[in-house]
$ cat target_25.cif   # mmCIF, N, CA and C atoms
data_data
loop_
_atom_site.label_atom_id
_atom_site.label_comp_id
_atom_site.auth_asym_id
_atom_site.auth_seq_id
_atom_site.Cartn_x
_atom_site.Cartn_y
_atom_site.Cartn_z
N VAL N 360 -18.51 24.27 11.68
CA VAL N 360 -19.78 23.85 11.09
C VAL N 360 -20.21 22.52 11.73
N PRO N 361 -21.42 22.43 12.25
CA PRO N 361 -21.88 21.17 12.84
C PRO N 361 -21.92 20.05 11.81
N VAL N 362 -21.59 18.84 12.26
CA VAL N 362 -21.56 17.67 11.37
C VAL N 362 -22.89 17.51 10.63
N GLU N 363 -23.98 17.77 11.30
CA GLU N 363 -25.31 17.58 10.69
C GLU N 363 -25.47 18.42 9.42
N GLU N 364 -24.78 19.56 9.35
CA GLU N 364 -24.88 20.41 8.17
C GLU N 364 -23.98 19.94 7.04
N LEU N 365 -23.10 18.99 7.31
CA LEU N 365 -22.15 18.51 6.31
C LEU N 365 -22.55 17.19 5.66
N ILE N 366 -23.62 16.57 6.15
CA ILE N 366 -24.01 15.28 5.58
C ILE N 366 -25.34 15.42 4.84
N TRP N 367 -25.53 14.56 3.86
CA TRP N 367 -26.80 14.53 3.14
C TRP N 367 -27.89 14.12 4.11
N GLN N 368 -29.09 14.61 3.87
CA GLN N 368 -30.20 14.30 4.78
C GLN N 368 -30.64 12.85 4.69
N ASP N 369 -30.48 12.24 3.52
CA ASP N 369 -30.92 10.86 3.33
C ASP N 369 -29.75 9.91 3.41
N PRO N 370 -29.98 8.71 3.95
CA PRO N 370 -28.90 7.71 3.98
C PRO N 370 -28.47 7.35 2.56
N VAL N 371 -27.23 6.89 2.41
CA VAL N 371 -26.75 6.49 1.08
C VAL N 371 -27.49 5.23 0.62
N PRO N 372 -27.68 5.07 -0.69
CA PRO N 372 -28.40 3.90 -1.20
C PRO N 372 -27.67 2.58 -0.92
N ASP N 373 -26.34 2.61 -0.98
CA ASP N 373 -25.55 1.39 -0.81
C ASP N 373 -25.08 1.27 0.64
N GLN N 374 -25.94 0.73 1.49
CA GLN N 374 -25.63 0.59 2.91
C GLN N 374 -24.62 -0.53 3.16
N GLU N 375 -24.62 -1.56 2.31
CA GLU N 375 -23.69 -2.68 2.44
C GLU N 375 -22.58 -2.51 1.42
N MET N 376 -21.37 -2.22 1.89
CA MET N 376 -20.24 -2.07 0.98
C MET N 376 -19.04 -2.76 1.61
N GLN N 377 -18.34 -3.54 0.82
CA GLN N 377 -17.18 -4.29 1.31
C GLN N 377 -15.90 -3.53 1.00
N SER N 378 -14.80 -4.00 1.59
CA SER N 378 -13.50 -3.40 1.30
C SER N 378 -12.83 -4.08 0.10
N PHE N 379 -13.53 -5.05 -0.49
CA PHE N 379 -13.00 -5.73 -1.68
C PHE N 379 -14.17 -6.13 -2.57
N GLU N 380 -13.94 -6.07 -3.87
CA GLU N 380 -14.95 -6.52 -4.83
C GLU N 380 -14.28 -6.71 -6.18
N LYS N 381 -14.60 -7.82 -6.83
CA LYS N 381 -14.10 -8.15 -8.17
C LYS N 381 -12.58 -8.00 -8.29
N GLY N 382 -11.85 -8.38 -7.23
CA GLY N 382 -10.39 -8.35 -7.26
C GLY N 382 -9.78 -7.05 -6.78
N LEU N 383 -10.59 -6.02 -6.55
CA LEU N 383 -10.08 -4.75 -6.04
C LEU N 383 -10.25 -4.71 -4.53
N SER N 384 -9.25 -4.18 -3.82
CA SER N 384 -9.38 -4.05 -2.37
C SER N 384 -8.81 -2.71 -1.91
N LEU N 385 -9.38 -2.22 -0.82
CA LEU N 385 -8.96 -0.96 -0.21
C LEU N 385 -8.67 -1.23 1.25
N SER N 386 -7.49 -0.82 1.70
CA SER N 386 -7.17 -0.95 3.12
C SER N 386 -6.53 0.36 3.59
N LEU N 387 -6.63 0.59 4.89
CA LEU N 387 -6.06 1.80 5.49
C LEU N 387 -4.85 1.42 6.32
N VAL N 388 -3.81 2.25 6.30
CA VAL N 388 -2.63 2.00 7.11
C VAL N 388 -3.02 2.03 8.59
N GLU N 389 -3.88 2.97 8.95
CA GLU N 389 -4.44 3.05 10.31
C GLU N 389 -5.95 3.11 10.18
N ASN N 390 -6.66 2.45 11.09
CA ASN N 390 -8.12 2.56 11.04
C ASN N 390 -8.73 3.05 12.36
N ARG N 391 -7.88 3.44 13.31
CA ARG N 391 -8.35 4.05 14.56
C ARG N 391 -7.55 5.32 14.81
N PHE N 392 -8.27 6.41 15.08
CA PHE N 392 -7.62 7.69 15.32
C PHE N 392 -8.12 8.27 16.63
N ASN N 393 -7.22 8.88 17.39
CA ASN N 393 -7.59 9.48 18.67
C ASN N 393 -8.43 10.74 18.49
N ASP N 394 -8.20 11.45 17.39
CA ASP N 394 -9.03 12.60 17.04
C ASP N 394 -9.07 12.70 15.52
N SER N 395 -9.72 13.71 15.01
CA SER N 395 -9.89 13.84 13.56
C SER N 395 -8.54 13.79 12.85
N PRO N 396 -8.35 12.81 11.96
CA PRO N 396 -7.06 12.71 11.26
C PRO N 396 -6.93 13.81 10.21
N SER N 397 -5.71 14.29 9.99
CA SER N 397 -5.52 15.25 8.90
C SER N 397 -5.29 14.50 7.59
N ILE N 398 -4.65 13.32 7.69
CA ILE N 398 -4.35 12.49 6.52
C ILE N 398 -4.73 11.03 6.84
N ILE N 399 -5.33 10.35 5.86
CA ILE N 399 -5.60 8.92 5.98
C ILE N 399 -4.83 8.24 4.85
N LYS N 400 -3.89 7.38 5.21
CA LYS N 400 -3.07 6.69 4.20
C LYS N 400 -3.77 5.40 3.78
N THR N 401 -3.83 5.19 2.46
CA THR N 401 -4.55 4.04 1.92
C THR N 401 -3.65 3.20 1.02
N ARG N 402 -4.09 1.95 0.86
CA ARG N 402 -3.45 1.02 -0.08
C ARG N 402 -4.58 0.41 -0.91
N ILE N 403 -4.45 0.51 -2.22
CA ILE N 403 -5.42 -0.13 -3.09
C ILE N 403 -4.70 -1.21 -3.89
N GLN N 404 -5.36 -2.33 -4.03
CA GLN N 404 -4.76 -3.50 -4.67
C GLN N 404 -5.70 -3.99 -5.78
N ASN N 405 -5.12 -4.32 -6.91
CA ASN N 405 -5.89 -4.87 -8.03
C ASN N 405 -5.43 -6.30 -8.29
N ASP N 406 -6.16 -7.26 -7.73
CA ASP N 406 -5.86 -8.67 -7.96
C ASP N 406 -6.75 -9.27 -9.04
N SER N 407 -7.40 -8.40 -9.82
CA SER N 407 -8.25 -8.89 -10.90
C SER N 407 -7.39 -9.10 -12.15
N HIS N 408 -8.03 -9.43 -13.25
CA HIS N 408 -7.33 -9.66 -14.51
C HIS N 408 -7.54 -8.51 -15.48
N GLN N 409 -8.02 -7.37 -14.97
CA GLN N 409 -8.20 -6.22 -15.86
C GLN N 409 -7.74 -4.94 -15.17
N ASP N 410 -7.46 -3.92 -16.00
CA ASP N 410 -7.02 -2.63 -15.48
C ASP N 410 -8.24 -1.81 -15.06
N TYR N 411 -8.03 -0.93 -14.09
CA TYR N 411 -9.08 -0.02 -13.64
C TYR N 411 -8.52 1.39 -13.58
N THR N 412 -9.37 2.37 -13.86
CA THR N 412 -8.95 3.76 -13.68
C THR N 412 -9.48 4.25 -12.34
N PHE N 413 -8.75 5.20 -11.77
CA PHE N 413 -9.13 5.79 -10.49
C PHE N 413 -8.48 7.16 -10.40
N GLY N 414 -8.84 7.90 -9.39
CA GLY N 414 -8.25 9.23 -9.20
C GLY N 414 -7.96 9.48 -7.74
N GLU N 415 -7.77 10.75 -7.39
CA GLU N 415 -7.49 11.11 -6.01
C GLU N 415 -8.75 11.22 -5.16
N PHE N 416 -9.92 11.21 -5.80
CA PHE N 416 -11.17 11.43 -5.08
C PHE N 416 -11.54 10.24 -4.19
N TYR N 417 -11.91 10.56 -2.98
CA TYR N 417 -12.53 9.64 -2.03
C TYR N 417 -13.72 10.38 -1.45
N HIS N 418 -14.64 9.67 -0.87
CA HIS N 418 -15.60 10.37 -0.04
C HIS N 418 -15.73 9.63 1.29
N ILE N 419 -16.22 10.35 2.27
CA ILE N 419 -16.34 9.82 3.63
C ILE N 419 -17.82 9.67 3.97
N GLU N 420 -18.13 8.56 4.62
CA GLU N 420 -19.48 8.35 5.13
C GLU N 420 -19.39 8.13 6.64
N ILE N 421 -20.41 8.57 7.35
CA ILE N 421 -20.49 8.41 8.80
C ILE N 421 -21.71 7.56 9.12
N LYS N 422 -21.57 6.71 10.13
CA LYS N 422 -22.68 5.85 10.55
C LYS N 422 -23.43 6.54 11.69
N ILE N 423 -24.70 6.78 11.46
CA ILE N 423 -25.57 7.40 12.47
C ILE N 423 -26.82 6.52 12.59
N ASP N 424 -27.11 6.08 13.80
CA ASP N 424 -28.27 5.20 14.05
C ASP N 424 -28.28 4.00 13.09
N ASN N 425 -27.11 3.38 12.92
CA ASN N 425 -26.92 2.20 12.07
C ASN N 425 -27.16 2.42 10.58
N LEU N 426 -27.14 3.67 10.14
CA LEU N 426 -27.27 3.97 8.72
C LEU N 426 -26.10 4.84 8.29
N TRP N 427 -25.62 4.63 7.05
CA TRP N 427 -24.51 5.41 6.50
C TRP N 427 -25.01 6.65 5.79
N TYR N 428 -24.33 7.78 6.06
CA TYR N 428 -24.63 9.06 5.43
C TYR N 428 -23.34 9.62 4.84
N ILE N 429 -23.46 10.27 3.67
CA ILE N 429 -22.28 10.80 2.99
C ILE N 429 -22.03 12.25 3.42
N PHE N 430 -20.73 12.59 3.55
CA PHE N 430 -20.33 13.98 3.78
C PHE N 430 -20.35 14.70 2.44
N THR N 431 -20.86 15.91 2.43
CA THR N 431 -20.82 16.72 1.22
C THR N 431 -19.60 17.63 1.31
N TYR N 432 -19.03 17.94 0.15
CA TYR N 432 -17.86 18.80 0.10
C TYR N 432 -18.23 20.12 -0.56
N SER N 433 -17.63 21.17 -0.09
CA SER N 433 -17.79 22.48 -0.72
C SER N 433 -17.17 22.42 -2.12
N ASP N 434 -17.75 23.15 -3.06
CA ASP N 434 -17.17 23.21 -4.41
C ASP N 434 -15.75 23.73 -4.39
N ALA N 435 -15.41 24.52 -3.38
CA ALA N 435 -14.06 25.08 -3.26
C ALA N 435 -13.01 23.97 -3.19
N VAL N 436 -13.38 22.83 -2.61
CA VAL N 436 -12.45 21.70 -2.52
C VAL N 436 -11.98 21.27 -3.91
N PHE N 437 -12.90 21.26 -4.87
CA PHE N 437 -12.58 20.82 -6.22
C PHE N 437 -11.80 21.89 -6.99
N TYR N 438 -12.05 23.16 -6.69
CA TYR N 438 -11.31 24.25 -7.33
C TYR N 438 -9.87 24.30 -6.83
N LYS N 439 -9.68 24.05 -5.54
CA LYS N 439 -8.35 24.11 -4.95
C LYS N 439 -7.48 22.93 -5.40
N ASN N 440 -8.10 21.77 -5.65
CA ASN N 440 -7.35 20.59 -6.08
C ASN N 440 -8.00 20.02 -7.33
N SER N 441 -7.50 20.42 -8.48
CA SER N 441 -8.09 19.99 -9.75
C SER N 441 -7.92 18.49 -9.99
N ARG N 442 -7.03 17.83 -9.22
CA ARG N 442 -6.83 16.37 -9.37
C ARG N 442 -7.80 15.58 -8.50
N PHE N 443 -8.63 16.25 -7.72
CA PHE N 443 -9.57 15.56 -6.82
C PHE N 443 -10.76 15.07 -7.65
N LYS N 444 -10.50 13.99 -8.42
CA LYS N 444 -11.47 13.42 -9.36
C LYS N 444 -11.47 11.91 -9.22
N ASP N 445 -12.45 11.28 -9.87
CA ASP N 445 -12.57 9.82 -9.85
C ASP N 445 -11.70 9.15 -10.92
N PHE N 446 -10.98 9.92 -11.72
CA PHE N 446 -10.22 9.33 -12.82
C PHE N 446 -8.88 10.03 -12.96
N GLY N 447 -8.04 9.53 -13.84
CA GLY N 447 -6.75 10.17 -14.09
C GLY N 447 -5.57 9.22 -13.98
N SER N 448 -5.75 8.13 -13.24
CA SER N 448 -4.67 7.15 -13.08
C SER N 448 -5.19 5.77 -13.45
N ILE N 449 -4.25 4.89 -13.78
CA ILE N 449 -4.61 3.50 -14.09
C ILE N 449 -3.97 2.58 -13.06
N LEU N 450 -4.76 1.66 -12.55
CA LEU N 450 -4.26 0.62 -11.65
C LEU N 450 -4.27 -0.68 -12.46
N PRO N 451 -3.10 -1.05 -13.02
CA PRO N 451 -3.03 -2.25 -13.85
C PRO N 451 -3.33 -3.52 -13.04
N ALA N 452 -3.81 -4.55 -13.73
CA ALA N 452 -4.07 -5.85 -13.11
C ALA N 452 -2.80 -6.31 -12.39
N GLY N 453 -2.98 -6.80 -11.17
CA GLY N 453 -1.85 -7.33 -10.41
C GLY N 453 -1.01 -6.30 -9.68
N ASN N 454 -1.39 -5.04 -9.74
CA ASN N 454 -0.60 -3.98 -9.10
C ASN N 454 -1.31 -3.38 -7.90
N GLU N 455 -0.55 -2.58 -7.15
CA GLU N 455 -1.11 -1.86 -6.01
C GLU N 455 -0.68 -0.40 -6.09
N ALA N 456 -1.41 0.45 -5.38
CA ALA N 456 -1.07 1.87 -5.31
C ALA N 456 -1.29 2.34 -3.89
N HIS N 457 -0.57 3.38 -3.52
CA HIS N 457 -0.71 3.98 -2.19
C HIS N 457 -1.12 5.43 -2.38
N GLN N 458 -2.09 5.86 -1.59
CA GLN N 458 -2.55 7.24 -1.67
C GLN N 458 -2.68 7.80 -0.26
N ALA N 459 -2.55 9.11 -0.15
CA ALA N 459 -2.80 9.81 1.11
C ALA N 459 -4.00 10.70 0.88
N PHE N 460 -5.07 10.43 1.61
CA PHE N 460 -6.30 11.20 1.49
C PHE N 460 -6.31 12.27 2.57
N SER N 461 -6.46 13.52 2.19
CA SER N 461 -6.41 14.64 3.13
C SER N 461 -7.79 15.05 3.62
N VAL N 462 -8.09 14.70 4.85
CA VAL N 462 -9.33 15.14 5.49
C VAL N 462 -9.25 16.66 5.70
N GLU N 463 -8.07 17.10 6.08
CA GLU N 463 -7.83 18.53 6.34
C GLU N 463 -8.16 19.39 5.12
N ALA N 464 -7.80 18.92 3.92
CA ALA N 464 -8.06 19.69 2.70
C ALA N 464 -9.55 19.87 2.43
N LEU N 465 -10.37 19.00 3.01
CA LEU N 465 -11.82 19.11 2.84
C LEU N 465 -12.42 20.18 3.75
N GLY N 466 -11.63 20.60 4.74
CA GLY N 466 -12.12 21.61 5.66
C GLY N 466 -13.13 21.07 6.66
N ILE N 467 -13.05 19.76 6.95
CA ILE N 467 -13.98 19.17 7.92
C ILE N 467 -13.20 18.58 9.09
N VAL N 468 -13.86 18.51 10.23
CA VAL N 468 -13.30 17.87 11.42
C VAL N 468 -14.23 16.73 11.77
N LEU N 469 -13.66 15.54 11.89
CA LEU N 469 -14.47 14.35 12.17
C LEU N 469 -14.64 14.20 13.68
N ILE N 470 -15.89 14.13 14.11
CA ILE N 470 -16.20 13.93 15.52
C ILE N 470 -16.05 12.44 15.84
N PRO N 471 -15.98 12.07 17.11
CA PRO N 471 -15.89 10.64 17.44
C PRO N 471 -17.05 9.86 16.80
N GLY N 472 -16.71 8.71 16.20
CA GLY N 472 -17.73 7.90 15.56
C GLY N 472 -17.14 6.89 14.62
N GLU N 473 -18.05 6.19 13.93
CA GLU N 473 -17.68 5.16 12.95
C GLU N 473 -17.83 5.74 11.55
N TYR N 474 -16.82 5.53 10.74
CA TYR N 474 -16.77 6.09 9.38
C TYR N 474 -16.36 5.01 8.39
N ARG N 475 -16.52 5.33 7.11
CA ARG N 475 -15.90 4.52 6.07
C ARG N 475 -15.44 5.46 4.96
N LEU N 476 -14.29 5.11 4.41
CA LEU N 476 -13.71 5.84 3.29
C LEU N 476 -14.08 5.07 2.04
N VAL N 477 -14.69 5.74 1.07
CA VAL N 477 -15.21 5.07 -0.12
C VAL N 477 -14.40 5.50 -1.35
N LYS N 478 -14.02 4.50 -2.15
CA LYS N 478 -13.22 4.72 -3.35
C LYS N 478 -13.94 4.08 -4.54
N THR N 479 -13.98 4.80 -5.66
CA THR N 479 -14.66 4.30 -6.86
C THR N 479 -13.64 4.08 -7.98
N PHE N 480 -13.82 2.98 -8.69
CA PHE N 480 -12.96 2.61 -9.82
C PHE N 480 -13.83 2.40 -11.04
N LEU N 481 -13.25 2.61 -12.20
CA LEU N 481 -13.95 2.38 -13.45
C LEU N 481 -13.19 1.33 -14.24
N SER N 482 -13.89 0.29 -14.65
CA SER N 482 -13.29 -0.77 -15.45
C SER N 482 -12.86 -0.21 -16.80
N THR N 483 -11.70 -0.64 -17.28
CA THR N 483 -11.27 -0.22 -18.62
C THR N 483 -11.69 -1.25 -19.67
N GLY N 484 -12.38 -2.29 -19.21
CA GLY N 484 -12.86 -3.32 -20.13
C GLY N 484 -14.04 -2.83 -20.95
N GLU N 485 -14.64 -3.74 -21.69
CA GLU N 485 -15.73 -3.35 -22.57
C GLU N 485 -16.95 -2.85 -21.82
N SER N 486 -17.19 -3.34 -20.62
CA SER N 486 -18.42 -2.98 -19.91
C SER N 486 -18.36 -1.60 -19.27
N PHE N 487 -17.15 -1.06 -19.01
CA PHE N 487 -16.98 0.24 -18.37
C PHE N 487 -17.88 0.42 -17.15
N HIS N 488 -17.89 -0.56 -16.28
CA HIS N 488 -18.71 -0.43 -15.08
C HIS N 488 -17.91 0.09 -13.91
N GLU N 489 -18.63 0.76 -12.99
CA GLU N 489 -18.00 1.31 -11.79
C GLU N 489 -18.06 0.31 -10.66
N ILE N 490 -17.02 0.33 -9.84
CA ILE N 490 -16.98 -0.47 -8.63
C ILE N 490 -16.60 0.46 -7.48
N SER N 491 -17.39 0.43 -6.42
CA SER N 491 -17.05 1.21 -5.23
C SER N 491 -16.79 0.26 -4.08
N ILE N 492 -15.72 0.53 -3.35
CA ILE N 492 -15.37 -0.26 -2.18
C ILE N 492 -15.10 0.70 -1.02
N ALA N 493 -15.20 0.20 0.20
CA ALA N 493 -15.07 1.06 1.37
C ALA N 493 -14.27 0.39 2.46
N ALA N 494 -13.47 1.19 3.16
CA ALA N 494 -12.70 0.70 4.32
C ALA N 494 -13.18 1.44 5.55
N PRO N 495 -13.54 0.70 6.61
CA PRO N 495 -14.03 1.36 7.82
C PRO N 495 -12.89 1.95 8.66
N PHE N 496 -13.24 2.99 9.41
CA PHE N 496 -12.30 3.54 10.40
C PHE N 496 -13.09 4.21 11.52
N TRP N 497 -12.41 4.44 12.62
CA TRP N 497 -13.05 4.98 13.81
C TRP N 497 -12.27 6.19 14.33
N VAL N 498 -13.00 7.19 14.78
CA VAL N 498 -12.40 8.33 15.48
C VAL N 498 -12.87 8.22 16.92
N GLU N 499 -11.90 8.17 17.84
CA GLU N 499 -12.23 7.98 19.26
C GLU N 499 -12.68 9.29 19.90
#
$ encode --input "target_25.cif" --output "structure tokens"
Amino acid sequence: VPVEELIWQDPVPDQEMQSFEKGLSLSLVENRFNDSPSIIKTRIQNDSHQDYTFGEFYHIEIKIDNLWYIFTYSDAVFYKNSRFKDFGSILPAGNEAHQAFSVEALGIVLIPGEYRLVKTFLSTGESFHEISIAAPFWVE
């Protein structure tokens, strides 16, 4: 399937996204790949003073003409992995977690280019606000 058919037609609203926000940070074990990676290993850190919930879900964005576009996933991805959600685990204040994100399980092949892996967290505090952070990576 051509990459153009896998991305939303409109750029994402949040063009500026950091790899850290409000004490949460996302880093990748590797951020350069010679070809489409099957697995991307991540480290998430909570240096804030509150707990956050998160899940196995990530999404990928690709930079085209200096704008970020999101990859869409087939519904089959969610049926095959019922844990592929934004919630289900807690990242306590002061702790870190390691996850392996499977590009292969999404059924997509990443062409050479600039990408970012986006992770969303939900505050367990009174405000229950979402925080999304992104880590860049490149496919050669």
$ resolve_selection --input "target_25.cif" --expression "the PyMOL selection byres (((chain N and resi 460 and name CA) around 10) and name CA)" --output "PDB file with N, CA and C atoms, keeping the file's coordinate frame"
ATOM      1  N   PRO N 396      -8.350  12.810  11.960  1.00  0.00           N
ATOM      2  CA  PRO N 396      -7.060  12.710  11.260  1.00  0.00           C
ATOM      3  C   PRO N 396      -6.930  13.810  10.210  1.00  0.00           C
ATOM      4  N   SER N 397      -5.710  14.290   9.990  1.00  0.00           N
ATOM      5  CA  SER N 397      -5.520  15.250   8.900  1.00  0.00           C
ATOM      6  C   SER N 397      -5.290  14.500   7.590  1.00  0.00           C
ATOM      7  N   ILE N 398      -4.650  13.320   7.690  1.00  0.00           N
ATOM      8  CA  ILE N 398      -4.350  12.490   6.520  1.00  0.00           C
ATOM      9  C   ILE N 398      -4.730  11.030   6.840  1.00  0.00           C
ATOM     10  N   ILE N 399      -5.330  10.350   5.860  1.00  0.00           N
ATOM     11  CA  ILE N 399      -5.600   8.920   5.980  1.00  0.00           C
ATOM     12  C   ILE N 399      -4.830   8.240   4.850  1.00  0.00           C
ATOM     13  N   LYS N 400      -3.890   7.380   5.210  1.00  0.00           N
ATOM     14  CA  LYS N 400      -3.070   6.690   4.200  1.00  0.00           C
ATOM     15  C   LYS N 400      -3.770   5.400   3.780  1.00  0.00           C
ATOM     16  N   THR N 401      -3.830   5.190   2.460  1.00  0.00           N
ATOM     17  CA  THR N 401      -4.550   4.040   1.920  1.00  0.00           C
ATOM     18  C   THR N 401      -3.650   3.200   1.020  1.00  0.00           C
ATOM     19  N   GLU N 415      -7.770  10.750  -7.390  1.00  0.00           N
ATOM     20  CA  GLU N 415      -7.490  11.110  -6.010  1.00  0.00           C
ATOM     21  C   GLU N 415      -8.750  11.220  -5.160  1.00  0.00           C
ATOM     22  N   PHE N 416      -9.920  11.210  -5.800  1.00  0.00           N
ATOM     23  CA  PHE N 416     -11.170  11.430  -5.080  1.00  0.00           C
ATOM     24  C   PHE N 416     -11.540  10.240  -4.190  1.00  0.00           C
ATOM     25  N   TYR N 417     -11.910  10.560  -2.980  1.00  0.00           N
ATOM     26  CA  TYR N 417     -12.530   9.640  -2.030  1.00  0.00           C
ATOM     27  C   TYR N 417     -13.720  10.380  -1.450  1.00  0.00           C
ATOM     28  N   HIS N 418     -14.640   9.670  -0.870  1.00  0.00           N
ATOM     29  CA  HIS N 418     -15.600  10.370  -0.040  1.00  0.00           C
ATOM     30  C   HIS N 418     -15.730   9.630   1.290  1.00  0.00           C
ATOM     31  N   PHE N 443      -8.630  16.250  -7.720  1.00  0.00           N
ATOM     32  CA  PHE N 443      -9.570  15.560  -6.820  1.00  0.00           C
ATOM     33  C   PHE N 443     -10.760  15.070  -7.650  1.00  0.00           C
ATOM     34  N   HIS N 457      -0.570   3.380  -3.520  1.00  0.00           N
ATOM     35  CA  HIS N 457      -0.710   3.980  -2.190  1.00  0.00           C
ATOM     36  C   HIS N 457      -1.120   5.430  -2.380  1.00  0.00           C
ATOM     37  N   GLN N 458      -2.090   5.860  -1.590  1.00  0.00           N
ATOM     38  CA  GLN N 458      -2.550   7.240  -1.670  1.00  0.00           C
ATOM     39  C   GLN N 458      -2.680   7.800  -0.260  1.00  0.00           C
ATOM     40  N   ALA N 459      -2.550   9.110  -0.150  1.00  0.00           N
ATOM     41  CA  ALA N 459      -2.800   9.810   1.110  1.00  0.00           C
ATOM     42  C   ALA N 459      -4.000  10.700   0.880  1.00  0.00           C
ATOM     43  N   SER N 461      -6.460  13.520   2.190  1.00  0.00           N
ATOM     44  CA  SER N 461      -6.410  14.640   3.130  1.00  0.00           C
ATOM     45  C   SER N 461      -7.790  15.050   3.620  1.00  0.00           C
ATOM     46  N   VAL N 462      -8.090  14.700   4.850  1.00  0.00           N
ATOM     47  CA  VAL N 462      -9.330  15.140   5.490  1.00  0.00           C
ATOM     48  C   VAL N 462      -9.250  16.660   5.700  1.00  0.00           C
ATOM     49  N   GLU N 463      -8.070  17.100   6.080  1.00  0.00           N
ATOM     50  CA  GLU N 463      -7.830  18.530   6.340  1.00  0.00           C
ATOM     51  C   GLU N 463      -8.160  19.390   5.120  1.00  0.00           C
ATOM     52  N   ALA N 464      -7.800  18.920   3.920  1.00  0.00           N
ATOM     53  CA  ALA N 464      -8.060  19.690   2.700  1.00  0.00           C
ATOM     54  C   ALA N 464      -9.550  19.870   2.430  1.00  0.00           C
ATOM     55  N   LEU N 465     -10.370  19.000   3.010  1.00  0.00           N
ATOM     56  CA  LEU N 465     -11.820  19.110   2.840  1.00  0.00           C
ATOM     57  C   LEU N 465     -12.420  20.180   3.750  1.00  0.00           C
ATOM     58  N   LEU N 476     -14.290   5.110   4.410  1.00  0.00           N
ATOM     59  CA  LEU N 476     -13.710   5.840   3.290  1.00  0.00           C
ATOM     60  C   LEU N 476     -14.080   5.070   2.040  1.00  0.00           C
TER      61      LEU N 476
END
$ atom_distance --input "target_25.cif" --atom1 "atom CA of Asn405 of chain N" --atom2 "atom CA of Ser386 of chain N"
11.9 Å
$ closest_residue --input "target_25.cif" --among "N:Thr483, N:Ile423, N:Asp410, N:Asn390" --to "Leu450 of chain N" --atoms "all atoms listed in the file"
N:Asp410
$ select_by_dssp --input "target_25.cif" --residues "chain N" --states "strand (DSSP E or B)" --output "ChimeraX atom specification"
/N:366,379-380,383-387,391-392,398-405,411-413,418-423,426-430,448-450,455-461,472-482,489-498
$ atom_distance --input "target_25.cif" --atom1 "atom C of Ile419 of chain N" --atom2 "atom N of Leu481 of chain N"
18.2 Å
$ axis_aligned_box --input "target_25.cif" --around "segment 456-473 of chain N" --padding-each-side "6 Å" --output "AutoDock Vina command-line options"
--center_x -9.3 --center_y 11.0 --center_z 6.0 --size_x 29.5 --size_y 33.2 --size_z 34.8
$ residues_around --input "target_25.cif" --residues "Arg391 of chain N" --least-positions-apart "6" --cutoff "6.5 Å" --atoms "all atoms listed in the file" --output "number ranges by chain"
N: 496-499
$ residues_around --input "target_25.cif" --residues "Gly484 of chain N" --least-positions-apart "3" --cutoff "8 Å" --atoms "all atoms listed in the file" --output "VMD selection string"
chain N and resid 409 to 412 481 487 to 488
$ atom_distance --input "target_25.cif" --atom1 "atom CA of Ser448 of chain N" --atom2 "atom CA of Val371 of chain N"
26.2 Å
$ closest_residue --input "target_25.cif" --among "N:Ile470, N:Leu385, N:Ala456, N:Val477" --to "Ser491 of chain N" --atoms "only C-alpha atoms"
N:Val477
$ closest_residue --input "target_25.cif" --among "N:Phe430, N:Tyr474, N:Phe392, N:Phe480" --to "Phe413 of chain N" --atoms "all atoms listed in the file"
N:Phe480
$ select_by_dssp --input "target_25.cif" --residues "chain N" --states "alpha helix (DSSP H)" --output "PDB file with N, CA and C atoms, in the coordinates of the input"
ATOM      1  N   ASP N 434     -17.750  23.150  -3.060  1.00  0.00           N
ATOM      2  CA  ASP N 434     -17.170  23.210  -4.410  1.00  0.00           C
ATOM      3  C   ASP N 434     -15.750  23.730  -4.390  1.00  0.00           C
ATOM      4  N   ALA N 435     -15.410  24.520  -3.380  1.00  0.00           N
ATOM      5  CA  ALA N 435     -14.060  25.080  -3.260  1.00  0.00           C
ATOM      6  C   ALA N 435     -13.010  23.970  -3.190  1.00  0.00           C
ATOM      7  N   VAL N 436     -13.380  22.830  -2.610  1.00  0.00           N
ATOM      8  CA  VAL N 436     -12.450  21.700  -2.520  1.00  0.00           C
ATOM      9  C   VAL N 436     -11.980  21.270  -3.910  1.00  0.00           C
ATOM     10  N   PHE N 437     -12.900  21.260  -4.870  1.00  0.00           N
ATOM     11  CA  PHE N 437     -12.580  20.820  -6.220  1.00  0.00           C
ATOM     12  C   PHE N 437     -11.800  21.890  -6.990  1.00  0.00           C
ATOM     13  N   TYR N 438     -12.050  23.160  -6.690  1.00  0.00           N
ATOM     14  CA  TYR N 438     -11.310  24.250  -7.330  1.00  0.00           C
ATOM     15  C   TYR N 438      -9.870  24.300  -6.830  1.00  0.00           C
ATOM     16  N   LYS N 439      -9.680  24.050  -5.540  1.00  0.00           N
ATOM     17  CA  LYS N 439      -8.350  24.110  -4.950  1.00  0.00           C
ATOM     18  C   LYS N 439      -7.480  22.930  -5.400  1.00  0.00           C
TER      19      LYS N 439
END
$ resolve_selection --input "target_25.cif" --expression "the PyMOL selection byres ((chain N and resi 382) around 6.5)" --output "list in words"
Phe379, Glu380, Lys381, Leu383, Ser384, Gln404, Asn405, Asp406 and Ser407 of chain N
$ closest_residue --input "target_25.cif" --among "N:Ile492, N:Ile403, N:Met376, N:Ile449" --to "Val388 of chain N" --atoms "only C-alpha atoms"
N:Ile403
$ residues_near_point --input "target_25.cif" --point "(-27.2, 13.3, -0.8)" --cutoff "8 Å" --atoms "all atoms listed in the file" --output "JSON, numbers by chain"
{"N": [366, 367, 368, 369, 370, 371, 428, 429, 430, 431]}
